[in-house]
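With mmCIF, C-alpha atoms inside, this is entry-v2.cif:
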```cif
data_model
loop_
_atom_site.label_atom_id
_atom_site.label_comp_id
_atom_site.auth_asym_id
_atom_site.auth_seq_id
_atom_site.Cartn_x
_atom_site.Cartn_y
_atom_site.Cartn_z
CA MET S 1 13.39 1.96 0.36
CA GLN S 2 16.19 3.13 2.60
CA LYS S 3 15.70 4.94 5.87
CA ASP S 4 15.21 8.72 5.51
CA GLN S 5 13.71 8.77 2.06
CA ILE S 6 10.37 10.28 1.09
CA ILE S 7 7.64 8.28 -0.64
CA ARG S 8 5.26 10.67 -2.41
CA VAL S 9 1.95 9.06 -3.39
CA ILE S 10 0.12 11.19 -5.95
CA ASP S 11 -3.53 11.02 -6.93
CA VAL S 12 -3.08 11.84 -10.61
CA GLU S 13 -6.70 12.49 -11.63
CA GLY S 14 -8.38 12.88 -8.23
CA GLN S 15 -10.66 10.82 -5.94
CA GLN S 16 -8.43 7.74 -6.16
CA VAL S 17 -7.44 5.55 -3.20
CA ALA S 18 -4.00 3.90 -2.85
CA ASP S 19 -3.52 0.95 -0.47
CA LEU S 20 -0.02 0.95 1.04
CA VAL S 21 1.63 -1.81 3.08
CA CYS S 22 5.26 -2.12 4.19
CA PHE S 23 7.65 -4.58 5.80
CA ALA S 24 11.01 -4.14 7.50
CA ARG S 25 13.67 -4.87 4.88
CA GLN S 26 15.85 -6.70 7.40
CA ASN S 27 12.95 -8.81 8.71
CA PRO S 28 9.63 -9.02 6.86
CA GLU S 29 8.04 -10.51 9.99
CA GLU S 30 7.95 -6.87 11.13
CA TYR S 31 5.17 -5.12 9.24
CA LEU S 32 2.81 -2.16 9.27
CA SER S 33 0.25 -2.43 12.08
CA SER S 34 -3.02 -0.55 12.09
CA GLY S 35 -3.70 -1.78 15.62
CA ARG S 36 -0.47 -0.38 17.06
CA SER S 37 -0.68 2.87 15.07
CA ILE S 38 -4.21 3.57 16.34
CA ASP S 39 -3.09 2.79 19.91
CA TYR S 40 -0.01 5.02 19.96
CA ASN S 41 -1.61 7.91 18.09
CA GLU S 42 -4.86 7.63 20.07
CA LYS S 43 -6.85 8.27 16.91
CA LEU S 44 -8.24 6.46 13.89
CA PHE S 45 -7.34 9.01 11.22
CA LEU S 46 -3.62 9.72 10.85
CA SER S 47 -2.26 12.82 9.14
CA LYS S 48 0.70 15.23 9.09
CA GLY S 49 2.99 14.75 12.08
CA ASP S 50 1.88 11.20 12.87
CA PHE S 51 3.99 8.04 12.86
CA LEU S 52 2.83 4.70 11.46
CA TYR S 53 4.08 1.83 13.64
CA SER S 54 5.01 -1.81 13.09
CA ASN S 55 3.67 -4.86 14.92
CA ARG S 56 6.88 -4.61 17.00
CA SER S 57 6.05 -1.00 17.95
CA ASN S 58 8.79 0.63 15.90
CA PRO S 59 8.06 3.68 13.73
CA MET S 60 8.02 2.67 10.05
CA LEU S 61 6.74 5.82 8.35
CA PHE S 62 6.19 9.46 9.30
CA ILE S 63 3.62 11.63 7.54
CA SER S 64 5.66 14.72 6.66
CA ARG S 65 3.24 16.46 4.27
CA ASP S 66 -0.47 15.84 3.89
CA PRO S 67 -2.53 18.53 2.14
CA VAL S 68 -5.56 16.19 1.86
CA GLY S 69 -5.57 15.01 5.48
CA LYS S 70 -8.09 12.16 5.20
CA HIS S 71 -7.04 8.52 4.97
CA ASP S 72 -8.24 5.19 6.31
CA PHE S 73 -6.47 2.60 8.47
CA LEU S 74 -9.48 0.40 9.29
CA PHE S 75 -10.35 -1.55 6.14
CA ALA S 76 -8.50 -4.60 4.81
CA PRO S 77 -7.38 -4.35 1.16
CA CYS S 78 -10.14 -5.18 -1.30
CA SER S 79 -9.94 -8.77 -2.55
CA GLN S 80 -11.66 -11.13 -4.98
CA GLU S 81 -13.80 -12.42 -2.10
CA MET S 82 -14.78 -8.85 -1.18
CA PHE S 83 -15.91 -8.14 -4.74
CA GLN S 84 -18.00 -11.32 -4.67
CA MET S 85 -19.58 -10.50 -1.30
CA THR S 86 -20.07 -6.73 -1.60
CA TYR S 87 -20.41 -6.17 -5.35
CA SER S 88 -21.78 -9.62 -6.36
CA ALA S 89 -18.88 -10.11 -8.79
CA THR S 90 -19.08 -13.39 -10.69
CA GLU S 91 -15.84 -12.93 -12.70
CA PRO S 92 -12.28 -12.28 -11.53
CA HIS S 93 -11.95 -8.60 -10.62
CA PRO S 94 -8.67 -6.66 -10.19
CA ASN S 95 -8.13 -6.04 -6.48
CA CYS S 96 -5.62 -4.54 -4.07
CA PHE S 97 -4.95 -7.78 -2.19
CA ASP S 98 -3.79 -9.64 -5.31
CA ASN S 99 -1.92 -6.58 -6.60
CA LEU S 100 -0.01 -6.30 -3.32
CA ALA S 101 0.60 -10.06 -3.12
CA ASP S 102 1.96 -10.17 -6.68
CA ALA S 103 4.25 -7.19 -6.05
CA LEU S 104 5.57 -8.62 -2.78
CA PHE S 105 6.07 -12.22 -3.96
CA PRO S 106 9.57 -11.57 -5.42
CA TYR S 107 10.62 -10.29 -1.97
CA GLY S 108 9.65 -13.53 -0.27
CA ILE S 109 6.51 -12.11 1.32
CA ARG S 110 3.44 -14.30 1.03
CA ALA S 111 -0.18 -13.26 0.64
CA PHE S 112 -1.23 -14.23 4.18
CA GLN S 113 1.33 -11.76 5.56
CA ILE S 114 -0.48 -8.74 4.05
CA PRO S 115 -1.92 -6.68 6.91
CA THR S 116 -4.62 -4.02 6.98
CA ALA S 117 -3.23 -1.38 4.61
CA PHE S 118 -2.83 2.34 5.11
CA ASN S 119 -5.51 3.38 2.64
CA ILE S 120 -4.29 6.71 1.35
CA PHE S 121 -7.08 9.15 0.36
CA MET S 122 -9.76 6.64 1.43
CA HIS S 123 -12.49 8.67 3.11
CA VAL S 124 -14.39 6.82 5.84
CA ALA S 125 -16.96 8.63 7.93
CA ILE S 126 -17.76 7.31 11.41
CA THR S 127 -20.45 7.95 13.98
CA VAL S 128 -19.91 7.89 17.75
CA THR S 129 -21.76 4.57 17.81
CA GLY S 130 -19.18 3.17 15.40
CA ARG S 131 -21.07 3.01 12.10
CA VAL S 132 -18.67 3.40 9.17
CA THR S 133 -19.54 4.62 5.69
CA VAL S 134 -17.24 4.95 2.70
CA GLN S 135 -17.34 8.38 1.06
CA PRO S 136 -15.72 9.76 -2.11
CA PRO S 137 -12.07 10.78 -1.48
CA LEU S 138 -11.35 14.43 -0.71
CA SER S 139 -8.28 14.36 -3.01
CA LYS S 140 -8.24 16.38 -6.22
CA ALA S 141 -6.04 15.86 -9.30
CA GLY S 142 -2.39 16.23 -8.32
CA ASP S 143 -2.93 15.94 -4.57
CA TYR S 144 -0.33 13.91 -2.70
CA ILE S 145 0.94 12.65 0.65
CA ASP S 146 4.60 12.48 1.70
CA LEU S 147 5.74 9.61 3.90
CA ARG S 148 9.25 9.59 5.39
CA THR S 149 10.81 6.17 5.93
CA GLU S 150 11.89 5.55 9.53
CA MET S 151 13.74 2.32 8.66
CA ASP S 152 14.76 0.38 5.56
CA LEU S 153 11.51 -0.92 4.07
CA ILE S 154 9.87 -3.03 1.43
CA VAL S 155 6.84 -0.98 0.34
CA ALA S 156 3.97 -1.95 -1.94
CA VAL S 157 1.21 0.35 -3.21
CA SER S 158 -1.94 -0.53 -5.17
CA ALA S 159 -4.36 1.82 -6.91
CA CYS S 160 -7.71 0.61 -5.60
CA SER S 161 -10.34 -0.68 -8.02
CA ALA S 162 -13.32 -0.82 -5.65
CA GLY S 163 -16.37 1.25 -6.54
CA LYS S 164 -17.40 3.16 -3.44
CA CYS S 165 -13.84 4.05 -2.35
CA ASN S 166 -13.03 5.83 -5.61
CA ASN S 167 -16.35 7.49 -6.46
CA PHE S 168 -16.93 4.67 -8.99
CA SER S 169 -14.01 5.54 -11.27
CA SER S 170 -10.57 3.94 -10.92
CA THR S 171 -7.69 6.11 -12.12
CA PRO S 172 -3.87 6.04 -11.85
CA ILE S 173 -1.72 6.52 -8.77
CA ARG S 174 1.87 7.72 -9.18
CA VAL S 175 4.61 6.97 -6.65
CA GLU S 176 7.78 9.09 -6.50
CA ILE S 177 10.83 8.56 -4.28
CA TYR S 178 12.93 11.46 -2.97
CA PRO S 179 15.90 11.83 -0.70
CA ILE S 180 15.14 14.07 2.27
CA ILE S 181 16.00 17.66 1.34
CA SER S 182 17.55 19.27 4.39
CA MET O 183 -12.40 -25.96 18.71
CA GLN O 184 -14.67 -27.72 16.28
CA LYS O 185 -17.24 -26.00 14.10
CA ASP O 186 -20.58 -25.33 15.85
CA GLN O 187 -19.33 -25.09 19.39
CA ILE O 188 -19.80 -22.15 21.75
CA ILE O 189 -16.90 -20.35 23.42
CA ARG O 190 -18.17 -18.52 26.51
CA VAL O 191 -15.73 -15.90 27.80
CA ILE O 192 -16.63 -14.87 31.35
CA ASP O 193 -15.47 -11.78 33.22
CA VAL O 194 -15.26 -13.38 36.67
CA GLU O 195 -14.86 -10.28 38.85
CA GLY O 196 -15.90 -7.53 36.42
CA GLN O 197 -14.20 -4.79 34.35
CA GLN O 198 -11.68 -7.22 32.85
CA VAL O 199 -10.68 -7.35 29.18
CA ALA O 200 -9.90 -10.60 27.30
CA ASP O 201 -7.94 -10.49 24.03
CA LEU O 202 -9.04 -13.25 21.66
CA VAL O 203 -7.37 -14.36 18.42
CA CYS O 204 -8.10 -17.39 16.26
CA PHE O 205 -6.74 -19.32 13.31
CA ALA O 206 -8.31 -21.85 10.94
CA ARG O 207 -7.37 -25.28 12.26
CA GLN O 208 -6.81 -26.62 8.74
CA ASN O 209 -4.64 -23.67 7.72
CA PRO O 210 -3.28 -21.21 10.27
CA GLU O 211 -2.50 -18.78 7.43
CA GLU O 212 -6.21 -17.98 7.66
CA TYR O 213 -6.76 -15.86 10.77
CA LEU O 214 -9.09 -13.39 12.42
CA SER O 215 -9.16 -10.06 10.56
CA SER O 216 -10.30 -6.83 12.15
CA GLY O 217 -10.04 -5.11 8.76
CA ARG O 218 -12.41 -7.52 7.01
CA SER O 219 -14.80 -7.72 9.96
CA ILE O 220 -15.17 -3.92 10.08
CA ASP O 221 -15.69 -3.82 6.30
CA TYR O 222 -18.39 -6.50 6.10
CA ASN O 223 -20.25 -5.39 9.23
CA GLU O 224 -19.95 -1.68 8.31
CA LYS O 225 -19.24 -0.84 11.93
CA LEU O 226 -16.38 -0.72 14.44
CA PHE O 227 -18.16 -2.25 17.42
CA LEU O 228 -19.44 -5.79 16.91
CA SER O 229 -22.11 -7.37 19.09
CA LYS O 230 -24.91 -9.95 19.07
CA GLY O 231 -25.78 -11.14 15.58
CA ASP O 232 -22.47 -10.13 13.99
CA PHE O 233 -19.91 -12.39 12.32
CA LEU O 234 -16.16 -12.06 12.78
CA TYR O 235 -14.35 -12.75 9.50
CA SER O 236 -10.96 -14.13 8.49
CA ASN O 237 -8.37 -12.51 6.22
CA ARG O 238 -9.84 -14.79 3.51
CA SER O 239 -13.34 -13.38 4.10
CA ASN O 240 -14.79 -16.51 5.70
CA PRO O 241 -16.88 -16.29 8.89
CA MET O 242 -14.84 -17.59 11.83
CA LEU O 243 -17.06 -16.68 14.80
CA PHE O 244 -20.64 -15.52 15.34
CA ILE O 245 -21.66 -13.53 18.41
CA SER O 246 -24.69 -15.47 19.63
CA ARG O 247 -25.15 -13.85 23.08
CA ASP O 248 -23.74 -10.57 24.30
CA PRO O 249 -25.36 -9.00 27.36
CA VAL O 250 -22.51 -6.46 27.70
CA GLY O 251 -22.45 -5.32 24.09
CA LYS O 252 -19.22 -3.32 24.08
CA HIS O 253 -15.93 -4.69 22.76
CA ASP O 254 -12.97 -3.40 20.78
CA PHE O 255 -11.52 -4.55 17.45
CA LEU O 256 -9.12 -1.64 16.86
CA PHE O 257 -6.21 -2.06 19.27
CA ALA O 258 -3.32 -4.52 18.88
CA PRO O 259 -2.71 -6.79 21.89
CA CYS O 260 -0.68 -5.11 24.63
CA SER O 261 3.01 -6.03 24.46
CA GLN O 262 6.26 -5.45 26.34
CA GLU O 263 7.05 -2.58 23.95
CA MET O 264 3.61 -1.03 24.63
CA PHE O 265 4.22 -1.13 28.39
CA GLN O 266 7.57 0.59 27.84
CA MET O 267 6.11 3.27 25.56
CA THR O 268 2.78 3.96 27.25
CA TYR O 269 3.42 3.06 30.90
CA SER O 270 7.20 3.71 31.03
CA ALA O 271 7.81 0.13 32.18
CA THR O 272 11.49 -0.62 32.82
CA GLU O 273 11.03 -4.29 33.83
CA PRO O 274 9.39 -7.17 31.97
CA HIS O 275 5.59 -6.87 32.32
CA PRO O 276 3.02 -9.61 31.65
CA ASN O 277 1.26 -8.81 28.38
CA CYS O 278 -1.33 -10.23 26.00
CA PHE O 279 1.02 -10.49 23.03
CA ASP O 280 3.45 -12.79 24.86
CA ASN O 281 0.61 -14.72 26.49
CA LEU O 282 -0.99 -15.38 23.10
CA ALA O 283 2.36 -16.20 21.47
CA ASP O 284 3.24 -18.70 24.23
CA ALA O 285 -0.19 -20.36 24.00
CA LEU O 286 -0.05 -20.62 20.20
CA PHE O 287 3.57 -21.81 19.91
CA PRO O 288 2.70 -25.52 20.40
CA TYR O 289 0.30 -25.21 17.45
CA GLY O 290 3.04 -24.02 15.10
CA ILE O 291 1.84 -20.41 15.08
CA ARG O 292 4.58 -17.83 15.50
CA ALA O 293 4.41 -14.47 17.25
CA PHE O 294 4.48 -12.38 14.06
CA GLN O 295 1.27 -14.10 12.93
CA ILE O 296 -0.76 -12.65 15.82
CA PRO O 297 -3.24 -10.15 14.36
CA THR O 298 -5.24 -7.37 16.01
CA ALA O 299 -7.29 -9.24 18.61
CA PHE O 300 -11.00 -9.12 19.31
CA ASN O 301 -10.73 -7.36 22.65
CA ILE O 302 -13.72 -8.65 24.59
CA PHE O 303 -15.17 -6.16 27.11
CA MET O 304 -12.61 -3.51 26.08
CA HIS O 305 -14.48 -0.20 26.05
CA VAL O 306 -13.18 2.34 23.55
CA ALA O 307 -14.99 5.63 23.04
CA ILE O 308 -14.62 7.43 19.72
CA THR O 309 -15.46 10.88 18.41
CA VAL O 310 -16.60 11.64 14.86
CA THR O 311 -13.14 13.11 14.22
CA GLY O 312 -11.64 9.74 15.15
CA ARG O 313 -10.15 10.39 18.61
CA VAL O 314 -10.13 7.18 20.65
CA THR O 315 -10.07 6.91 24.44
CA VAL O 316 -9.96 3.79 26.55
CA GLN O 317 -12.68 3.63 29.21
CA PRO O 318 -13.37 1.14 32.04
CA PRO O 319 -15.19 -1.97 30.75
CA LEU O 320 -18.98 -2.07 31.09
CA SER O 321 -18.84 -5.72 32.25
CA LYS O 322 -19.76 -6.67 35.79
CA ALA O 323 -18.83 -9.82 37.72
CA GLY O 324 -20.17 -12.88 35.90
CA ASP O 325 -20.88 -11.12 32.61
CA TYR O 326 -20.02 -13.10 29.49
CA ILE O 327 -20.09 -13.27 25.70
CA ASP O 328 -20.93 -16.36 23.63
CA LEU O 329 -19.10 -16.92 20.35
CA ARG O 330 -20.20 -19.71 18.01
CA THR O 331 -17.46 -21.28 15.90
CA GLU O 332 -18.13 -21.13 12.17
CA MET O 333 -15.21 -23.45 11.30
CA ASP O 334 -12.68 -25.62 13.12
CA LEU O 335 -10.42 -23.19 14.95
CA ILE O 336 -7.34 -22.74 17.08
CA VAL O 337 -8.37 -20.08 19.62
CA ALA O 338 -6.23 -18.25 22.18
CA VAL O 339 -7.48 -15.90 24.90
CA SER O 340 -5.47 -13.70 27.27
CA ALA O 341 -6.71 -11.81 30.33
CA CYS O 342 -5.32 -8.32 29.71
CA SER O 343 -2.88 -6.80 32.20
CA ALA O 344 -2.87 -3.22 30.91
CA GLY O 345 -3.97 -0.49 33.30
CA LYS O 346 -6.45 1.70 31.47
CA CYS O 347 -8.30 -1.18 29.76
CA ASN O 348 -9.16 -2.90 33.05
CA ASN O 349 -9.82 0.06 35.33
CA PHE O 350 -6.33 -0.49 36.81
CA SER O 351 -7.06 -3.92 38.30
CA SER O 352 -6.33 -7.17 36.44
CA THR O 353 -8.55 -10.07 37.41
CA PRO O 354 -9.28 -13.58 36.04
CA ILE O 355 -11.07 -14.50 32.83
CA ARG O 356 -12.77 -17.90 32.54
CA VAL O 357 -13.34 -19.67 29.24
CA GLU O 358 -15.96 -22.41 28.89
CA ILE O 359 -16.74 -24.55 25.85
CA TYR O 360 -20.22 -25.82 25.03
CA PRO O 361 -21.80 -27.78 22.26
CA ILE O 362 -24.63 -25.86 20.60
CA ILE O 363 -27.87 -26.64 22.40
CA SER O 364 -30.58 -26.89 19.80
#
```
As structure tokens - that is how I would like this structure written.
Amino acid sequence: MQKDQIIRVIDVEGQQVADLVCFARQNPEEYLSSGRSIDYNEKLFLSKGDFLYSNRSNPMLFISRDPVGKHDFLFAPCSQEMFQMTYSATEPHPNCFDNLADALFPYGIRAFQIPTAFNIFMHVAITVTGRVTVQPPLSKAGDYIDLRTEMDLIVAVSACSAGKCNNFSSTPIRVEIYPIIS
Amino acid sequence: MQKDQIIRVIDVEGQQVADLVCFARQNPEEYLSSGRSIDYNEKLFLSKGDFLYSNRSNPMLFISRDPVGKHDFLFAPCSQEMFQMTYSATEPHPNCFDNLADALFPYGIRAFQIPTAFNIFMHVAITVTGRVTVQPPLSKAGDYIDLRTEMDLIVAVSACSAGKCNNFSSTPIRVEIYPIIS
């Protein structure tokens, strides 16, 4: 991606989560940071008008449209180990961590560099004591989010295959790229 | 650190935050993960009886004693850029990110590898809508937390110098290492 483009992430059939990570194209040691984004926005749940920051405190993405308005930035991408621990998987299971690692490998980014993702449409409820529970996404078929690039980026997106996140049915995610229309 | 030791982090004068990060001694590409720890514990605020997990889903630390009971695992370590953005700093300011990076450099760990820290004694209040506010720590002089190592680790700790986290007074943190007393 170049600076000043729009990434539109579309939930084609509804109630589907998409894990998104990104890296600065000029220096992949600069990457999306949940911890900085929560700090600078002073909130856990980011939506329209919020910036997503890098580990070096630079804006990477700006949420320009967000009709759904509920996403997660707390959970690490699902992984084979997660499926074993949480779902008692005994066979290899498709997972966001491996999907992202495979997509990023040709760009010289290694699996250990994958940070906590921006989990688009993932619906996490919290209590004031800090309990977290995963709920079905609020997104319906055709719902989307628009993210404006604030720098040149390498972006990877995975349609999540975990049960609870996606109301126990994994369906496609579509990604479209637009120039900014002035 | 070797497996089965205790790290005791002591707030010497009270109301002082300590940012802690760790890496597997055998493979520093395995590191403390806020995103996995929140997932597996199903809560934001970890305390006695909880495990802290790595990005590869292995337990790294276990909270064996925790009289204070309030810590943060959401915020990235404070950095020079954070002091510029949040406190309008115009001069270099001591910060946890640089402290951790300097301490880890001799172990071959580079600054970009520093994840969201376990922010001991950092008191963050949340609302059900996800607003976060930093409060003065609940720790008094001499309060501590005990963390048991679940694998051989490289551990770094920084006494935080940010204003809001430490009730606007930065004071010493002491770290002691014990064998497990059976």
Answer key for the PyMOL selection byres ((chain S and resi 88-103) around 7), residues as a PyMOL selection string = chain S and resi 19+77-80+83-87+104-106+110-111+156-158+160-161
Quick one: pull the distance between CA of Ser57 in chain S and CA of Val306 in chain O, Å, one decimal.
-> 20.3 Å
List the residues matched by the PyMOL selection byres ((chain O and resi 307) around 8) in the displayed structure as a VMD selection string, ordered by chain and then by residue number.
-> (chain S and resid 128) or (chain O and resid 305 to 306 308 to 309 314 to 317)
Keeping C-alpha atoms, export the residues of the selection given above as an mmCIF file, in the coordinates of the input.
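Output file result31.cif follows:
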```cif
data_model
loop_
_atom_site.group_PDB
_atom_site.id
_atom_site.type_symbol
_atom_site.label_atom_id
_atom_site.label_comp_id
_atom_site.auth_asym_id
_atom_site.auth_seq_id
_atom_site.Cartn_x
_atom_site.Cartn_y
_atom_site.Cartn_z
ATOM 1 C CA VAL S 128 -19.910 7.890 17.750
ATOM 2 C CA HIS O 305 -14.480 -0.200 26.050
ATOM 3 C CA VAL O 306 -13.180 2.340 23.550
ATOM 4 C CA ILE O 308 -14.620 7.430 19.720
ATOM 5 C CA THR O 309 -15.460 10.880 18.410
ATOM 6 C CA VAL O 314 -10.130 7.180 20.650
ATOM 7 C CA THR O 315 -10.070 6.910 24.440
ATOM 8 C CA VAL O 316 -9.960 3.790 26.550
ATOM 9 C CA GLN O 317 -12.680 3.630 29.210
#
```
Proximity check chain O to chain S, 8 Å, nearest pairs one decimal Å, all atoms listed in the file, as a tab-separated table:
```
residue	atom	partner	partner_atom	distance
O:Glu211	CA	S:Phe112	CA	5.7
O:Glu212	CA	S:Phe112	CA	7.1
O:Ser215	CA	S:Ala76	CA	8.0
O:Ser216	CA	S:Leu74	CA	7.8
O:Gly217	CA	S:Ala76	CA	4.3
O:Arg218	CA	S:Ala76	CA	5.4
O:Ile220	CA	S:Phe75	CA	6.7
O:Asp221	CA	S:Phe75	CA	5.8
O:Tyr222	CA	S:Thr86	CA	7.9
O:Glu224	CA	S:Val132	CA	5.3
O:Lys225	CA	S:Arg131	CA	4.3
O:Leu226	CA	S:Gly130	CA	4.9
O:Phe227	CA	S:Gly130	CA	5.9
O:Asn237	CA	S:Phe112	CA	7.6
O:Arg238	CA	S:Glu81	CA	7.3
O:Ser239	CA	S:Glu81	CA	6.3
O:Leu256	CA	S:Gly35	CA	5.6
O:Phe257	CA	S:Gly35	CA	4.4
O:Ala258	CA	S:Gly35	CA	4.3
O:Glu263	CA	S:Ser57	CA	6.3
O:Met264	CA	S:Ser57	CA	7.1
O:Thr268	CA	S:Tyr40	CA	7.9
O:Phe294	CA	S:Glu29	CA	5.7
O:Gln295	CA	S:Gln113	CA	7.7
O:Thr298	CA	S:Gly35	CA	5.8
O:Ala307	CA	S:Val128	CA	7.6
O:Ile308	CA	S:Val128	CA	5.7
O:Thr309	CA	S:Val128	CA	5.4
O:Val310	CA	S:Thr127	CA	5.4
O:Thr311	CA	S:Phe45	CA	7.7
O:Gly312	CA	S:Leu44	CA	4.9
O:Arg313	CA	S:Lys43	CA	4.3
O:Val314	CA	S:Lys43	CA	5.1
O:Thr315	CA	S:Glu42	CA	6.8
```
Long-range neighbours of Tyr144 in chain S as a PyMOL selection string, 12 Å cut-off, all atoms listed in the file, 2 positions minimum in chain | chain S and resi 6-18+48+63-71+120-121+138-142+146-147+173-176
Which residues would end up in the selection if the PyMOL selection byres ((chain S and resi 51) around 6) were applied here, given that I need the answer as a short mmCIF file (atom, residue, chain, number, x, y, z; two decimals) with C-alpha atoms, keeping the file's coordinate frame?
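out-v6.cif written:
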```cif
data_model
loop_
_atom_site.label_atom_id
_atom_site.label_comp_id
_atom_site.auth_asym_id
_atom_site.auth_seq_id
_atom_site.Cartn_x
_atom_site.Cartn_y
_atom_site.Cartn_z
CA ASP S 50 1.88 11.20 12.87
CA LEU S 52 2.83 4.70 11.46
CA LEU S 61 6.74 5.82 8.35
CA PHE S 62 6.19 9.46 9.30
#
```
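Coordinates place CA of Val155 in chain S at a distance of 10.4 Å from CA of Met60 in chain S.
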